[in-house]
Every structure is written in structure tokens, then in C-alpha cells.
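Asker: My questions all concern the structure below.
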Amino acid sequence: MKPEVLEFARRNPGTVAVLDDKAARRAANMLGIPVIGTLGILVAATQSGLLPDFTTAVEVVLRAGLYADPVTVATLKARLRER
């Protein structure tokens with residue numbers, strides 16, 4: 001878990017915590033702290049045109065060691081194709 005991130009977000013209202021860890025996300029939810037994960041950042045960057053390709057970006061972070069649920073990745077890819 002990332003207590004430093006949670007404490008920073010708690011002390012700075014309006015902050016969105018960047019968390020992928022399930023326990024940390026649960027704790028943030030209990031504290032009312034908004035959360036986004038790595039995949040959410042990649043989606044937002046793709047939608048805004050900062051990343052040309054979501055699939056390639058996901059492959060890069062997976063090679064770097066991030067775990068991402070394949071069903072979640074597929075769902076996000078499908079949503080991005082709809083836009």
C-alpha cells in the first residue's frame with residue numbers, strides 16, 4: 001500500500017491519487033479520495049491525443065512490470081474504438 005500518497009491526497013483536497021494497488025484503492029475509497037490508475041491515465045492520454053495508440057502504451061507498461069487484468073484492458077480498448 002502507498003500510505004504517503006493517501007496522506008498527501010487527504011491533506012490536499014481536490015487531489016486525485018494515482019494508485020494501482022488494490023488495498024490502497026480501497027483505502028482511498030474509504031477516505032473519499034478520488035483515484036485513477038495507470039490504465040486510466042493511458043486512456044485519458046489517448047483520448048486527449050497525447051498518446052497515439054493505447055494498445056502500444058499498455059504493452060510498454062506491461063513489459064515494465066505492471067499487471068493489468070486482460071479483461072479490463074480489452075474493455076478499455078473496445079471503449080476507445082467506439083469514440
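Naming works like this for the C-alpha cells: A, B, ... for the chains as they're shown, residue 1 at the start of each chain, ligands 1 onward in shown order.
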Run DSSP on the backbone and tell me which residues of chain A come out as strand (DSSP E); list them as a CSV table (one decimal) with N, CA and C atoms, in the first residue's frame.

Answerer:
```csv
chain,number,residue,atom,x,y,z
A,17,ALA,N,-5.5,10.7,-6.4
A,17,ALA,CA,-4.4,9.8,-6.1
A,17,ALA,C,-4.2,8.8,-7.3
A,18,VAL,N,-3.0,8.6,-7.7
A,18,VAL,CA,-2.6,7.7,-8.8
A,18,VAL,C,-2.2,6.4,-8.1
A,35,VAL,N,-9.5,8.5,-7.2
A,35,VAL,CA,-8.4,7.6,-7.6
A,35,VAL,C,-8.4,7.4,-9.1
A,36,ILE,N,-7.2,7.4,-9.7
A,36,ILE,CA,-7.1,6.9,-11.1
A,36,ILE,C,-5.9,6.0,-11.1
```

Asker: Would you list the contacts of A:Leu39 as a PyMOL selection string, taking every protein, DNA or RNA residue within 12 Å and counting only C-alpha atoms, but skipping same-chain residues closer than 4 positions in sequence?

Answerer: chain A and resi 18-20+35+43-46+54-55+57-62+66-70+72-77

Asker: To test your reading of the structure, identify every residue in chain A that backbone DSSP assigns to alpha helix (DSSP H), and report it as JSON, numbers by chain.

Answerer: {"A": [3, 4, 5, 6, 7, 8, 9, 10, 11, 22, 23, 24, 25, 26, 27, 28, 29, 30, 31, 38, 39, 40, 41, 42, 43, 44, 45, 46, 47, 54, 55, 56, 57, 58, 59, 60, 61, 62, 63, 70, 71, 72, 73, 74, 75, 76, 77, 78, 79, 80, 81, 82]}

Asker: Convert the current residue selection to file output with C-alpha atoms, as a PDB file, in the first residue's frame.

Answerer:
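Final output, out-v1.pdb:
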```pdb
ATOM      1  CA  PRO A   3       0.277   5.490   2.707  1.00  0.00           C
ATOM      2  CA  GLU A   4       2.318   8.507   1.561  1.00  0.00           C
ATOM      3  CA  VAL A   5       0.102   9.002  -1.486  1.00  0.00           C
ATOM      4  CA  LEU A   6      -3.050   8.646   0.581  1.00  0.00           C
ATOM      5  CA  GLU A   7      -1.810  11.066   3.229  1.00  0.00           C
ATOM      6  CA  PHE A   8      -0.801  13.631   0.623  1.00  0.00           C
ATOM      7  CA  ALA A   9      -4.196  13.383  -1.081  1.00  0.00           C
ATOM      8  CA  ARG A  10      -6.001  13.568   2.272  1.00  0.00           C
ATOM      9  CA  ARG A  11      -4.132  16.751   3.192  1.00  0.00           C
ATOM     10  CA  LYS A  22      -5.991  -2.823  -4.746  1.00  0.00           C
ATOM     11  CA  ALA A  23      -5.629  -2.294  -0.993  1.00  0.00           C
ATOM     12  CA  ALA A  24      -4.567   1.330  -1.493  1.00  0.00           C
ATOM     13  CA  ARG A  25      -7.508   1.953  -3.830  1.00  0.00           C
ATOM     14  CA  ARG A  26      -9.882   0.507  -1.202  1.00  0.00           C
ATOM     15  CA  ALA A  27      -8.368   2.721   1.482  1.00  0.00           C
ATOM     16  CA  ALA A  28      -8.667   5.776  -0.766  1.00  0.00           C
ATOM     17  CA  ASN A  29     -12.298   4.948  -1.414  1.00  0.00           C
ATOM     18  CA  MET A  30     -12.960   4.693   2.335  1.00  0.00           C
ATOM     19  CA  LEU A  31     -11.292   8.096   2.822  1.00  0.00           C
ATOM     20  CA  THR A  38      -2.182   3.687 -14.744  1.00  0.00           C
ATOM     21  CA  LEU A  39      -4.699   2.386 -17.269  1.00  0.00           C
ATOM     22  CA  GLY A  40      -6.969   5.351 -16.578  1.00  0.00           C
ATOM     23  CA  ILE A  41      -4.091   7.714 -17.247  1.00  0.00           C
ATOM     24  CA  LEU A  42      -3.314   5.906 -20.506  1.00  0.00           C
ATOM     25  CA  VAL A  43      -6.965   6.147 -21.566  1.00  0.00           C
ATOM     26  CA  ALA A  44      -7.076   9.876 -20.785  1.00  0.00           C
ATOM     27  CA  ALA A  45      -3.791  10.489 -22.605  1.00  0.00           C
ATOM     28  CA  THR A  46      -5.043   8.561 -25.637  1.00  0.00           C
ATOM     29  CA  GLN A  47      -8.356  10.414 -25.681  1.00  0.00           C
ATOM     30  CA  PHE A  54      -3.495   2.869 -26.276  1.00  0.00           C
ATOM     31  CA  THR A  55      -2.535  -0.709 -27.140  1.00  0.00           C
ATOM     32  CA  THR A  56       1.141   0.124 -27.613  1.00  0.00           C
ATOM     33  CA  ALA A  57       1.204   2.152 -24.402  1.00  0.00           C
ATOM     34  CA  VAL A  58      -0.326  -0.749 -22.464  1.00  0.00           C
ATOM     35  CA  GLU A  59       2.222  -3.155 -23.930  1.00  0.00           C
ATOM     36  CA  VAL A  60       5.049  -0.866 -22.771  1.00  0.00           C
ATOM     37  CA  VAL A  61       3.807  -0.662 -19.188  1.00  0.00           C
ATOM     38  CA  LEU A  62       3.160  -4.415 -19.105  1.00  0.00           C
ATOM     39  CA  ARG A  63       6.751  -5.055 -20.225  1.00  0.00           C
ATOM     40  CA  PRO A  70      -6.643  -8.681 -19.595  1.00  0.00           C
ATOM     41  CA  VAL A  71     -10.443  -8.317 -19.469  1.00  0.00           C
ATOM     42  CA  THR A  72     -10.114  -4.725 -18.232  1.00  0.00           C
ATOM     43  CA  VAL A  73      -7.589  -3.933 -20.971  1.00  0.00           C
ATOM     44  CA  ALA A  74      -9.870  -5.439 -23.630  1.00  0.00           C
ATOM     45  CA  THR A  75     -12.861  -3.478 -22.293  1.00  0.00           C
ATOM     46  CA  LEU A  76     -10.908  -0.213 -22.384  1.00  0.00           C
ATOM     47  CA  LYS A  77      -9.654  -0.924 -25.919  1.00  0.00           C
ATOM     48  CA  ALA A  78     -13.240  -1.526 -27.056  1.00  0.00           C
ATOM     49  CA  ARG A  79     -14.432   1.716 -25.436  1.00  0.00           C
ATOM     50  CA  LEU A  80     -11.661   3.697 -27.108  1.00  0.00           C
ATOM     51  CA  ARG A  81     -12.581   2.282 -30.529  1.00  0.00           C
ATOM     52  CA  GLU A  82     -16.174   3.462 -30.004  1.00  0.00           C
TER      53      GLU A  82
END
```

Asker: Write out as a list of chain:residue names which residues come within 10 Å of A:Pro13 when counting only C-alpha atoms, dropping same-chain ones fewer than 6 positions away.

Answerer: A:Gly32, A:Ile33, A:Pro34

Asker: Any chance you can output those residues with C-alpha atoms as a PDB file, in the first residue's frame?

Answerer:
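This went into again-v5.pdb:
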```pdb
ATOM      1  CA  GLY A  32     -13.235   9.666  -0.052  1.00  0.00           C
ATOM      2  CA  ILE A  33     -10.091  10.283  -2.104  1.00  0.00           C
ATOM      3  CA  PRO A  34     -10.596  10.202  -5.884  1.00  0.00           C
TER       4      PRO A  34
END
```
